[in-house]
>>> print(open('start33.cif').read())   # mmCIF, C-alpha atoms and all ligand atoms
data_work
loop_
_atom_site.group_PDB
_atom_site.id
_atom_site.type_symbol
_atom_site.label_atom_id
_atom_site.label_comp_id
_atom_site.auth_asym_id
_atom_site.auth_seq_id
_atom_site.Cartn_x
_atom_site.Cartn_y
_atom_site.Cartn_z
ATOM 1 C CA MET A 1 4.893 -35.511 -14.453
ATOM 2 C CA LYS A 2 2.215 -37.483 -16.220
ATOM 3 C CA ASN A 3 2.376 -40.239 -13.645
ATOM 4 C CA ILE A 4 1.457 -37.796 -10.932
ATOM 5 C CA ALA A 5 -1.553 -36.639 -12.903
ATOM 6 C CA TYR A 6 -2.599 -40.245 -13.477
ATOM 7 C CA THR A 7 -2.415 -41.061 -9.807
ATOM 8 C CA LEU A 8 -4.510 -38.083 -8.865
ATOM 9 C CA CYS A 9 -7.310 -38.823 -11.266
ATOM 10 C CA ILE A 10 -7.524 -42.551 -10.837
ATOM 11 C CA GLY A 11 -10.805 -43.466 -9.221
ATOM 12 C CA PHE A 12 -9.870 -45.591 -6.231
ATOM 13 C CA VAL A 13 -12.637 -47.587 -4.659
ATOM 14 C CA SER A 14 -12.055 -50.093 -1.930
ATOM 15 C CA ILE A 15 -14.964 -52.363 -1.160
ATOM 16 C CA THR A 16 -15.012 -55.190 1.297
ATOM 17 C CA THR A 17 -17.262 -57.952 0.085
ATOM 18 C CA GLY A 18 -16.989 -60.947 2.319
ATOM 19 C CA HIS A 19 -13.370 -61.830 2.088
ATOM 20 C CA ALA A 20 -12.361 -60.291 -1.147
ATOM 21 C CA ALA A 21 -11.069 -56.743 -1.326
ATOM 22 C CA ALA A 22 -11.861 -54.947 -4.582
ATOM 23 C CA GLN A 23 -9.957 -52.136 -6.221
ATOM 24 C CA THR A 24 -11.217 -50.191 -9.234
ATOM 25 C CA THR A 25 -9.452 -47.829 -11.614
ATOM 26 C CA VAL A 26 -11.528 -45.823 -14.089
ATOM 27 C CA VAL A 27 -10.301 -43.640 -16.940
ATOM 28 C CA ASP A 28 -13.206 -41.246 -17.427
ATOM 29 C CA PHE A 29 -11.465 -38.900 -19.939
ATOM 30 C CA ASP A 30 -12.570 -35.907 -17.881
ATOM 31 C CA THR A 31 -8.885 -35.213 -17.132
ATOM 32 C CA GLY A 32 -7.350 -36.716 -20.272
ATOM 33 C CA ALA A 33 -6.992 -40.105 -21.912
ATOM 34 C CA GLN A 34 -4.515 -41.531 -19.361
ATOM 35 C CA GLY A 35 -2.856 -43.865 -21.842
ATOM 36 C CA TRP A 36 -5.930 -44.895 -23.841
ATOM 37 C CA ILE A 37 -5.547 -44.376 -27.584
ATOM 38 C CA GLY A 38 -8.287 -44.623 -30.199
ATOM 39 C CA SER A 39 -8.005 -45.708 -33.821
ATOM 40 C CA ASN A 40 -7.953 -43.177 -36.682
ATOM 41 C CA GLY A 41 -10.492 -40.363 -36.264
ATOM 42 C CA SER A 42 -10.598 -40.460 -32.454
ATOM 43 C CA VAL A 43 -10.728 -37.220 -30.472
ATOM 44 C CA LEU A 44 -11.541 -36.253 -26.918
ATOM 45 C CA THR A 45 -14.824 -34.414 -26.894
ATOM 46 C CA SER A 46 -17.380 -33.093 -24.419
ATOM 47 C CA ASP A 47 -21.141 -33.482 -24.143
ATOM 48 C CA GLY A 48 -21.482 -29.847 -23.064
ATOM 49 C CA ASN A 49 -22.340 -30.843 -19.503
ATOM 50 C CA GLY A 50 -18.748 -31.336 -18.397
ATOM 51 C CA ASN A 51 -18.471 -34.985 -19.308
ATOM 52 C CA GLN A 52 -15.559 -35.760 -21.616
ATOM 53 C CA PHE A 53 -15.278 -38.963 -23.621
ATOM 54 C CA MET A 54 -13.489 -40.290 -26.699
ATOM 55 C CA ARG A 55 -15.345 -40.079 -29.990
ATOM 56 C CA THR A 56 -14.282 -41.839 -33.194
ATOM 57 C CA ILE A 57 -15.563 -40.884 -36.649
ATOM 58 C CA ASP A 58 -14.023 -42.933 -39.422
ATOM 59 C CA GLU A 59 -14.480 -45.072 -42.490
ATOM 60 C CA THR A 60 -12.822 -48.261 -41.336
ATOM 61 C CA PHE A 61 -12.950 -52.058 -40.990
ATOM 62 C CA GLY A 62 -13.539 -51.491 -37.284
ATOM 63 C CA VAL A 63 -12.762 -49.078 -34.470
ATOM 64 C CA GLN A 64 -10.431 -49.967 -31.645
ATOM 65 C CA TYR A 65 -9.039 -48.551 -28.437
ATOM 66 C CA TRP A 66 -5.845 -49.674 -26.769
ATOM 67 C CA ASN A 67 -3.601 -48.963 -23.818
ATOM 68 C CA ASN A 68 -0.022 -50.137 -23.359
ATOM 69 C CA THR A 69 1.250 -47.499 -20.921
ATOM 70 C CA ASN A 70 -1.259 -47.082 -18.080
ATOM 71 C CA GLN A 71 0.055 -49.642 -15.606
ATOM 72 C CA SER A 72 -3.235 -49.783 -13.696
ATOM 73 C CA PHE A 73 -4.546 -51.965 -16.539
ATOM 74 C CA LEU A 74 -1.360 -53.892 -17.330
ATOM 75 C CA GLY A 75 1.107 -56.377 -15.931
ATOM 76 C CA ASP A 76 0.595 -59.466 -13.834
ATOM 77 C CA TYR A 77 -3.052 -60.327 -13.096
ATOM 78 C CA SER A 78 -2.167 -63.532 -11.219
ATOM 79 C CA PRO A 79 -2.326 -62.044 -7.686
ATOM 80 C CA TYR A 80 -6.016 -61.359 -8.240
ATOM 81 C CA GLU A 81 -8.919 -63.660 -7.551
ATOM 82 C CA SER A 82 -10.960 -61.979 -10.275
ATOM 83 C CA VAL A 83 -10.505 -59.223 -12.837
ATOM 84 C CA THR A 84 -13.279 -57.188 -14.485
ATOM 85 C CA LEU A 85 -12.576 -55.001 -17.514
ATOM 86 C CA SER A 86 -15.283 -52.768 -18.960
ATOM 87 C CA VAL A 87 -16.014 -49.720 -21.095
ATOM 88 C CA ASP A 88 -19.067 -47.542 -21.697
ATOM 89 C CA VAL A 89 -20.139 -47.491 -25.345
ATOM 90 C CA GLN A 90 -22.474 -45.147 -27.249
ATOM 91 C CA ILE A 91 -23.105 -45.418 -30.995
ATOM 92 C CA ASP A 92 -24.450 -42.841 -33.449
ATOM 93 C CA LYS A 93 -23.610 -44.753 -36.618
ATOM 94 C CA ILE A 94 -22.359 -48.052 -37.850
ATOM 95 C CA ASP A 95 -23.581 -48.105 -41.433
ATOM 96 C CA THR A 96 -22.796 -47.826 -45.120
ATOM 97 C CA SER A 97 -22.927 -44.026 -45.298
ATOM 98 C CA ASN A 98 -19.348 -44.095 -46.593
ATOM 99 C CA LEU A 99 -20.734 -45.337 -49.917
ATOM 100 C CA PRO A 100 -21.330 -42.788 -52.715
ATOM 101 C CA GLU A 101 -24.600 -40.838 -53.049
ATOM 102 C CA GLY A 102 -27.457 -43.003 -54.251
ATOM 103 C CA PHE A 103 -26.554 -46.076 -52.202
ATOM 104 C CA THR A 104 -28.967 -47.020 -49.456
ATOM 105 C CA ARG A 105 -27.664 -46.283 -45.953
ATOM 106 C CA ILE A 106 -27.870 -49.666 -44.291
ATOM 107 C CA PRO A 107 -27.429 -49.805 -40.493
ATOM 108 C CA LEU A 108 -25.003 -52.534 -39.453
ATOM 109 C CA THR A 109 -24.252 -54.591 -36.376
ATOM 110 C CA ARG A 110 -20.752 -55.140 -35.004
ATOM 111 C CA SER A 111 -19.225 -56.909 -32.010
ATOM 112 C CA LEU A 112 -17.219 -55.653 -29.056
ATOM 113 C CA VAL A 113 -14.156 -57.726 -28.242
ATOM 114 C CA LEU A 114 -11.716 -57.460 -25.349
ATOM 115 C CA GLU A 115 -8.201 -58.635 -26.195
ATOM 116 C CA LEU A 116 -5.341 -58.993 -23.709
ATOM 117 C CA ARG A 117 -1.950 -59.128 -25.427
ATOM 118 C CA ASN A 118 1.296 -60.587 -24.156
ATOM 119 C CA ASN A 119 4.500 -59.854 -26.076
ATOM 120 C CA THR A 120 6.563 -62.488 -24.271
ATOM 121 C CA TYR A 121 4.691 -65.358 -25.891
ATOM 122 C CA ALA A 122 4.976 -63.993 -29.440
ATOM 123 C CA ASP A 123 5.394 -67.059 -31.597
ATOM 124 C CA GLY A 124 6.893 -67.210 -35.098
ATOM 125 C CA PHE A 125 5.589 -64.359 -37.232
ATOM 126 C CA PHE A 126 3.112 -63.009 -34.661
ATOM 127 C CA ASP A 127 4.040 -59.903 -32.663
ATOM 128 C CA TYR A 128 2.176 -61.109 -29.600
ATOM 129 C CA ALA A 129 -0.015 -63.824 -28.167
ATOM 130 C CA SER A 130 -3.408 -62.903 -26.773
ATOM 131 C CA VAL A 131 -6.636 -64.078 -25.270
ATOM 132 C CA PHE A 132 -9.891 -62.498 -26.387
ATOM 133 C CA PHE A 133 -13.541 -62.443 -25.375
ATOM 134 C CA VAL A 134 -16.540 -61.310 -27.423
ATOM 135 C CA ILE A 135 -18.428 -59.139 -24.935
ATOM 136 C CA GLU A 136 -21.293 -58.192 -27.259
ATOM 137 C CA THR A 137 -22.371 -59.149 -30.781
ATOM 138 C CA ASN A 138 -25.146 -56.577 -31.284
ATOM 139 C CA LEU A 139 -23.424 -53.204 -31.325
ATOM 140 C CA SER A 140 -25.572 -50.835 -33.364
ATOM 141 C CA SER A 141 -26.907 -47.293 -33.204
ATOM 142 C CA ALA A 142 -30.361 -48.710 -32.421
ATOM 143 C CA ASN A 143 -29.116 -50.801 -29.488
ATOM 144 C CA TYR A 144 -26.651 -48.278 -28.026
ATOM 145 C CA PRO A 145 -28.129 -44.771 -28.398
ATOM 146 C CA ASP A 146 -26.916 -43.967 -24.843
ATOM 147 C CA PHE A 147 -23.731 -44.873 -22.993
ATOM 148 C CA THR A 148 -23.969 -48.435 -21.715
ATOM 149 C CA THR A 149 -21.344 -50.383 -19.761
ATOM 150 C CA LEU A 150 -20.012 -53.523 -21.447
ATOM 151 C CA GLY A 151 -17.458 -55.767 -19.795
ATOM 152 C CA VAL A 152 -16.356 -59.199 -18.650
ATOM 153 C CA THR A 153 -15.181 -60.726 -15.354
ATOM 154 C CA PHE A 154 -12.720 -63.622 -15.315
ATOM 155 C CA ASP A 155 -10.427 -65.713 -13.129
ATOM 156 C CA PRO A 156 -6.873 -64.775 -14.130
ATOM 157 C CA ASN A 157 -5.505 -68.016 -12.704
ATOM 158 C CA SER A 158 -7.527 -70.289 -14.950
ATOM 159 C CA THR A 159 -5.186 -72.460 -16.993
ATOM 160 C CA GLU A 160 -7.958 -73.499 -19.392
ATOM 161 C CA LEU A 161 -9.475 -70.813 -21.618
ATOM 162 C CA PRO A 162 -12.600 -69.794 -19.652
ATOM 163 C CA ALA A 163 -15.955 -70.265 -21.412
ATOM 164 C CA GLY A 164 -16.296 -67.891 -24.351
ATOM 165 C CA TRP A 165 -12.595 -66.972 -24.503
ATOM 166 C CA GLY A 166 -10.349 -67.596 -27.477
ATOM 167 C CA GLY A 167 -6.588 -67.622 -27.896
ATOM 168 C CA PHE A 168 -4.397 -66.107 -30.593
ATOM 169 C CA GLY A 169 -0.739 -66.207 -31.560
ATOM 170 C CA GLY A 170 -0.037 -69.903 -32.105
ATOM 171 C CA SER A 171 1.201 -71.176 -35.435
ATOM 172 C CA ASP A 172 -1.033 -74.290 -35.372
ATOM 173 C CA ASP A 173 -4.060 -72.227 -36.366
ATOM 174 C CA ALA A 174 -5.484 -74.013 -39.418
ATOM 175 C CA ASN A 175 -8.880 -74.212 -37.668
ATOM 176 C CA GLY A 176 -8.853 -70.645 -36.348
ATOM 177 C CA PRO A 177 -6.653 -68.767 -33.897
ATOM 178 C CA VAL A 178 -5.103 -70.670 -30.987
ATOM 179 C CA LEU A 179 -2.682 -69.901 -28.186
ATOM 180 C CA PRO A 180 0.989 -70.683 -28.813
ATOM 181 C CA ALA A 181 1.918 -74.252 -27.884
ATOM 182 C CA GLY A 182 2.544 -74.499 -24.156
ATOM 183 C CA ALA A 183 0.914 -71.168 -23.249
ATOM 184 C CA THR A 184 -2.146 -71.175 -20.999
ATOM 185 C CA PHE A 185 -4.758 -68.501 -20.344
ATOM 186 C CA ALA A 186 -3.058 -67.820 -16.986
ATOM 187 C CA ASP A 187 0.336 -67.467 -18.719
ATOM 188 C CA ILE A 188 -0.997 -64.786 -21.058
ATOM 189 C CA VAL A 189 -2.643 -62.701 -18.340
ATOM 190 C CA ALA A 190 0.355 -63.013 -16.022
ATOM 191 C CA ASN A 191 2.031 -60.401 -18.231
ATOM 192 C CA VAL A 192 -0.483 -58.155 -19.996
ATOM 193 C CA ASP A 193 1.417 -55.736 -22.243
ATOM 194 C CA GLU A 194 -1.610 -54.261 -23.964
ATOM 195 C CA VAL A 195 -5.377 -54.110 -23.376
ATOM 196 C CA VAL A 196 -7.490 -53.645 -26.504
ATOM 197 C CA PHE A 197 -11.212 -53.112 -27.011
ATOM 198 C CA THR A 198 -12.108 -53.602 -30.679
ATOM 199 C CA THR A 199 -15.143 -54.143 -32.905
ATOM 200 C CA ARG A 200 -13.165 -56.693 -34.914
ATOM 201 C CA VAL A 201 -13.521 -60.348 -33.913
ATOM 202 C CA PRO A 202 -10.196 -62.031 -34.817
ATOM 203 C CA THR A 203 -12.006 -64.808 -36.693
ATOM 204 C CA GLU A 204 -14.161 -62.533 -38.864
ATOM 205 C CA PHE A 205 -13.727 -60.451 -42.006
ATOM 206 C CA TYR A 206 -15.155 -56.943 -42.425
ATOM 207 C CA LEU A 207 -15.826 -54.436 -45.192
ATOM 208 C CA LEU A 208 -15.047 -50.738 -44.901
ATOM 209 C CA ASN A 209 -17.983 -49.090 -43.152
ATOM 210 C CA PHE A 210 -18.773 -45.812 -41.484
ATOM 211 C CA PHE A 211 -18.529 -45.421 -37.713
ATOM 212 C CA GLU A 212 -19.551 -42.681 -35.308
ATOM 213 C CA PHE A 213 -18.630 -44.378 -32.064
ATOM 214 C CA SER A 214 -18.019 -43.083 -28.531
ATOM 215 C CA VAL A 215 -16.360 -44.633 -25.491
ATOM 216 C CA ASP A 216 -15.976 -43.537 -21.871
ATOM 217 C CA ASN A 217 -14.948 -44.984 -18.500
ATOM 218 C CA PHE A 218 -12.415 -47.657 -19.345
ATOM 219 C CA SER A 219 -12.388 -49.586 -16.095
ATOM 220 C CA ILE A 220 -10.505 -52.382 -14.342
ATOM 221 C CA THR A 221 -11.653 -53.925 -11.068
ATOM 222 C CA THR A 222 -9.501 -56.494 -9.303
ATOM 223 C CA THR A 223 -10.348 -58.519 -6.225
ATOM 224 C CA THR A 224 -7.865 -60.164 -3.910
ATOM 225 C CA GLN A 225 -8.442 -62.919 -1.439
ATOM 226 C CA SER A 226 -7.855 -62.048 2.210
ATOM 227 C CA GLN A 227 -4.449 -63.100 3.576
ATOM 228 C CA CYS A 228 -6.281 -64.389 6.613
ATOM 229 C CA PRO A 229 -9.379 -66.314 5.509
ATOM 230 C CA ALA A 230 -10.566 -67.162 9.036
ATOM 231 C CA ASP A 231 -10.719 -63.475 9.960
ATOM 232 C CA ILE A 232 -14.334 -63.372 8.856
ATOM 233 C CA ASN A 233 -15.040 -59.878 10.163
ATOM 234 C CA ASP A 234 -11.818 -58.484 8.652
ATOM 235 C CA ASP A 235 -10.646 -56.767 11.822
ATOM 236 C CA GLY A 236 -7.154 -58.283 11.776
ATOM 237 C CA SER A 237 -7.533 -60.569 14.782
ATOM 238 C CA LEU A 238 -8.943 -64.051 15.274
ATOM 239 C CA ASN A 239 -11.373 -64.533 18.116
ATOM 240 C CA PHE A 240 -14.859 -65.571 19.154
ATOM 241 C CA PHE A 241 -16.467 -63.012 16.854
ATOM 242 C CA ASP A 242 -15.024 -64.740 13.814
ATOM 243 C CA VAL A 243 -16.321 -68.125 14.945
ATOM 244 C CA SER A 244 -19.714 -66.585 15.581
ATOM 245 C CA ALA A 245 -19.713 -64.837 12.192
ATOM 246 C CA PHE A 246 -18.710 -68.086 10.487
ATOM 247 C CA LEU A 247 -21.508 -70.028 12.174
ATOM 248 C CA ASN A 248 -24.075 -67.375 11.248
ATOM 249 C CA ALA A 249 -22.869 -67.336 7.655
ATOM 250 C CA PHE A 250 -22.886 -71.135 7.571
ATOM 251 C CA ALA A 251 -26.446 -71.269 8.910
ATOM 252 C CA ALA A 252 -27.530 -68.715 6.304
ATOM 253 C CA ALA A 253 -25.716 -70.541 3.470
ATOM 254 C CA ASP A 254 -23.750 -67.325 2.892
ATOM 255 C CA PRO A 255 -20.936 -67.895 0.357
ATOM 256 C CA LEU A 256 -18.623 -66.402 3.007
ATOM 257 C CA ALA A 257 -18.858 -69.722 4.862
ATOM 258 C CA ASP A 258 -18.239 -71.868 1.803
ATOM 259 C CA PHE A 259 -14.582 -72.380 2.655
ATOM 260 C CA THR A 260 -14.129 -75.149 0.106
ATOM 261 C CA GLY A 261 -15.665 -72.993 -2.625
ATOM 262 C CA ASP A 262 -17.831 -75.807 -3.980
ATOM 263 C CA GLY A 263 -21.229 -74.205 -3.380
ATOM 264 C CA GLN A 264 -22.112 -76.793 -0.708
ATOM 265 C CA PHE A 265 -22.319 -76.136 3.009
ATOM 266 C CA ASN A 266 -21.141 -79.157 4.955
ATOM 267 C CA PHE A 267 -18.613 -80.643 7.346
ATOM 268 C CA PHE A 268 -15.735 -79.876 5.007
ATOM 269 C CA ASP A 269 -16.370 -76.125 5.311
ATOM 270 C CA VAL A 270 -16.386 -76.299 9.098
ATOM 271 C CA SER A 271 -13.200 -78.334 9.012
ATOM 272 C CA ALA A 272 -11.524 -75.902 6.579
ATOM 273 C CA PHE A 273 -12.565 -72.942 8.730
ATOM 274 C CA LEU A 274 -11.197 -74.557 11.878
ATOM 275 C CA ASN A 275 -7.929 -75.341 10.123
ATOM 276 C CA ALA A 276 -7.611 -71.754 8.919
ATOM 277 C CA PHE A 277 -8.474 -70.494 12.381
ATOM 278 C CA SER A 278 -5.807 -72.730 13.949
ATOM 279 C CA ALA A 279 -3.241 -71.627 11.365
ATOM 280 C CA GLY A 280 -3.736 -68.038 12.523
ATOM 281 C CA CYS A 281 -3.055 -64.810 10.646
ATOM 282 C CA PRO A 282 0.279 -63.866 9.093
HETATM 283 CA CA CA B 301 -16.192 -39.100 -19.059
HETATM 284 CA CA CA B 302 -11.676 -61.086 13.281
HETATM 285 CA CA CA B 303 -18.280 -75.982 0.761
#
>>> encode(input="start33.cif", output="structure tokens", more="lines below")
Ligand SMILES: [Ca+2]
Ligand SMILES: [Ca+2]
Ligand SMILES: [Ca+2]
Amino acid sequence: MKNIAYTLCIGFVSITTGHAAAQTTVVDFDTGAQGWIGSNGSVLTSDGNGNQFMRTIDETFGVQYWNNTNQSFLGDYSPYESVTLSVDVQIDKIDTSNLPEGFTRIPLTRSLVLELRNNTYADGFFDYASVFFVIETNLSSANYPDFTTLGVTFDPNSTELPAGWGGFGGSDDANGPVLPAGATFADIVANVDEVVFTTRVPTEFYLLNFFEFSVDNFSITTTTQSQCPADINDDGSLNFFDVSAFLNAFAAADPLADFTGDGQFNFFDVSAFLNAFSAGCP
């Protein structure tokens, strides 16, 4: 039953940008949480104008939101050329108002971290291995009085940790968290069991503070490379119009014509296009 509801309320956007097709799923809370769970003190609430979101009020080391059931966000990212995960954040309080009367209420700053967990690579005493990215380091009520989208885009087939990413779950972690021996970034995101947005950076320590924190529009956008790269105009057949479109793109230094993906426009792109054209479409 629930799956049917999920399917109906998933925002499905198909955009053709050059040769990559993009697909986006958004959980906007207007029809329920669709698998997203908030830490202690989280409830679905409404702004009075019909927009629902998740609001968390708690004394805690940090708030977090996770999903391990909504398959639109989980599983194997490797078929995708790029993946973007984001959330809208609005903050009323991150401060010391949990302290007894008489203490000064000091506004605080926290980070927003995306963590992608993989249970298959759990190593030793860890329950999972993960990769994580610090999206923002200046979460505060002053900086986020209104909902603002925060997210990150990455190449799920990168074997190295992309710039800014960290790994967690390895036992050789004397100098901070690392991936388990033998696991790459691509390995972890080839089987995502849980997606987590948290204010707690794995390498940092926090005191108990007071949070009034809201989130909306958990979103994943994936892009896939065309099965037929020489079909420049995406009409399913290879002909003069594709050659013409390639030449125009090449002349305009449009990334569409950068067949070697190196940012340069030269003989090698023409050669790669001709090869792809000769190879035909599947
Ligand atoms: Ca909403
Ligand atoms: Ca074509
Ligand atoms: Ca090139």
>>> closest_atom_pairs(input="start33.cif", of="chain A", to="ligand CA 302 (chain B)", cutoff="9 Å", atoms="all atoms listed in the file", output="Markdown table")
| residue | atom | partner | partner_atom | distance |
| --- | --- | --- | --- | --- |
| A:Ala230 | CA | B:CA302 | CA | 7.5 |
| A:Asp231 | CA | B:CA302 | CA | 4.2 |
| A:Ile232 | CA | B:CA302 | CA | 5.6 |
| A:Asn233 | CA | B:CA302 | CA | 4.7 |
| A:Asp234 | CA | B:CA302 | CA | 5.3 |
| A:Asp235 | CA | B:CA302 | CA | 4.7 |
| A:Gly236 | CA | B:CA302 | CA | 5.5 |
| A:Ser237 | CA | B:CA302 | CA | 4.4 |
| A:Leu238 | CA | B:CA302 | CA | 4.5 |
| A:Asn239 | CA | B:CA302 | CA | 5.9 |
| A:Phe240 | CA | B:CA302 | CA | 8.0 |
| A:Phe241 | CA | B:CA302 | CA | 6.3 |
| A:Asp242 | CA | B:CA302 | CA | 5.0 |
| A:Val243 | CA | B:CA302 | CA | 8.6 |
| A:Ala245 | CA | B:CA302 | CA | 8.9 |
>>> residues_near_ligand(input="start33.cif", ligand="ligand CA 301 (chain B)", cutoff="7 Å", atoms="only C-alpha atoms and all ligand atoms", output="PyMOL selection string")
chain A and resi 28-30+51-53+216-217
>>> resolve_selection(input="start33.cif", expression="the PyMOL selection byres (((not hetatm)) within 12 of (chain B and resi 303))", output="JSON list (two decimals) with C-alpha atoms, in the coordinates of the input")
[["chain", "number", "residue", "atom", "x", "y", "z"],
["A", 249, "ALA", "CA", -22.87, -67.34, 7.66],
["A", 250, "PHE", "CA", -22.89, -71.14, 7.57],
["A", 253, "ALA", "CA", -25.72, -70.54, 3.47],
["A", 254, "ASP", "CA", -23.75, -67.32, 2.89],
["A", 255, "PRO", "CA", -20.94, -67.90, 0.36],
["A", 256, "LEU", "CA", -18.62, -66.40, 3.01],
["A", 257, "ALA", "CA", -18.86, -69.72, 4.86],
["A", 258, "ASP", "CA", -18.24, -71.87, 1.80],
["A", 259, "PHE", "CA", -14.58, -72.38, 2.66],
["A", 260, "THR", "CA", -14.13, -75.15, 0.11],
["A", 261, "GLY", "CA", -15.66, -72.99, -2.62],
["A", 262, "ASP", "CA", -17.83, -75.81, -3.98],
["A", 263, "GLY", "CA", -21.23, -74.20, -3.38],
["A", 264, "GLN", "CA", -22.11, -76.79, -0.71],
["A", 265, "PHE", "CA", -22.32, -76.14, 3.01],
["A", 266, "ASN", "CA", -21.14, -79.16, 4.96],
["A", 267, "PHE", "CA", -18.61, -80.64, 7.35],
["A", 268, "PHE", "CA", -15.74, -79.88, 5.01],
["A", 269, "ASP", "CA", -16.37, -76.12, 5.31],
["A", 270, "VAL", "CA", -16.39, -76.30, 9.10],
["A", 271, "SER", "CA", -13.20, -78.33, 9.01],
["A", 272, "ALA", "CA", -11.52, -75.90, 6.58],
["A", 273, "PHE", "CA", -12.56, -72.94, 8.73]]
>>> closest_residue(input="start33.cif", among="A:Leu85, A:Leu274, A:Ile188, A:Ala183", to="Thr153 (chain A)", atoms="only C-alpha atoms")
A:Leu85
>>> resolve_selection(input="start33.cif", expression="the PyMOL selection byres (((chain A and resi 128) around 10) and not hetatm)", output="PyMOL selection string")
chain A and resi 116-127+129-130+168-170+180+188+193-194
>>> atom_distance(input="start33.cif", atom1="CA of Ser97 (chain A)", atom2="CA of Gln64 (chain A)")
19.4 Å
>>> closest_residue(input="start33.cif", among="A:Gly32, A:Pro145, A:Pro162, A:Pro282", to="Thr45 (chain A)", atoms="all atoms listed in the file")
A:Gly32
>>> atom_distance(input="start33.cif", atom1="CA of Tyr144 (chain A)", atom2="CA of Asp92 (chain A)")
8.0 Å
>>> atom_distance(input="start33.cif", atom1="CA of Ser214 (chain A)", atom2="CA of Lys93 (chain A)")
10.0 Å
>>> resolve_selection(input="start33.cif", expression="the PyMOL selection byres (((chain A and resi 41) around 8) and not hetatm)", output="ChimeraX atom specification")
/A:38-40,42-43,55-58
>>> write_last_selection(input="start33.cif", atoms="C-alpha atoms", output="tab-separated table (two decimals), keeping the file's coordinate frame")
chain	number	residue	atom	x	y	z
A	38	GLY	CA	-8.29	-44.62	-30.20
A	39	SER	CA	-8.01	-45.71	-33.82
A	40	ASN	CA	-7.95	-43.18	-36.68
A	42	SER	CA	-10.60	-40.46	-32.45
A	43	VAL	CA	-10.73	-37.22	-30.47
A	55	ARG	CA	-15.34	-40.08	-29.99
A	56	THR	CA	-14.28	-41.84	-33.19
A	57	ILE	CA	-15.56	-40.88	-36.65
A	58	ASP	CA	-14.02	-42.93	-39.42
>>> closest_residue(input="start33.cif", among="A:Glu212, A:Asp76, A:Glu204, A:Glu59", to="Val134 (chain A)", atoms="only C-alpha atoms")
A:Glu204
>>> closest_residue(input="start33.cif", among="A:Val89, A:Leu139, A:Cys228, A:Val131", to="Arg110 (chain A)", atoms="only C-alpha atoms")
A:Leu139
>>> closest_residue(input="start33.cif", among="A:Phe197, A:Phe246, A:Asn157, A:Thr25", to="Val215 (chain A)", atoms="all atoms listed in the file")
A:Phe197
>>> closest_residue(input="start33.cif", among="A:Val192, A:Ile220, A:Ile106, A:Leu208", to="Ser78 (chain A)", atoms="only C-alpha atoms")
A:Val192
>>> residues_near_point(input="start33.cif", point="(-19.6, -58.4, -16.6)", cutoff="10 Å", atoms="only C-alpha atoms", output="number ranges by chain")
A: 83-86, 135, 149-154
>>> residues_around(input="start33.cif", residues="Ile37 (chain A)", least_positions_apart="2", cutoff="7 Å", atoms="all atoms listed in the file", output="PyMOL selection string")
chain A and resi 35+39+65-67
>>> residues_near_point(input="start33.cif", point="(-14.0, -59.4, -36.2)", cutoff="10 Å", atoms="only C-alpha atoms", output="CSV table (one decimal) with C-alpha atoms, in the frame of the given file")
chain,number,residue,atom,x,y,z
A,61,PHE,CA,-13.0,-52.1,-41.0
A,62,GLY,CA,-13.5,-51.5,-37.3
A,110,ARG,CA,-20.8,-55.1,-35.0
A,111,SER,CA,-19.2,-56.9,-32.0
A,112,LEU,CA,-17.2,-55.7,-29.1
A,113,VAL,CA,-14.2,-57.7,-28.2
A,134,VAL,CA,-16.5,-61.3,-27.4
A,137,THR,CA,-22.4,-59.1,-30.8
A,198,THR,CA,-12.1,-53.6,-30.7
A,199,THR,CA,-15.1,-54.1,-32.9
A,200,ARG,CA,-13.2,-56.7,-34.9
A,201,VAL,CA,-13.5,-60.3,-33.9
A,202,PRO,CA,-10.2,-62.0,-34.8
A,203,THR,CA,-12.0,-64.8,-36.7
A,204,GLU,CA,-14.2,-62.5,-38.9
A,205,PHE,CA,-13.7,-60.5,-42.0
A,206,TYR,CA,-15.2,-56.9,-42.4
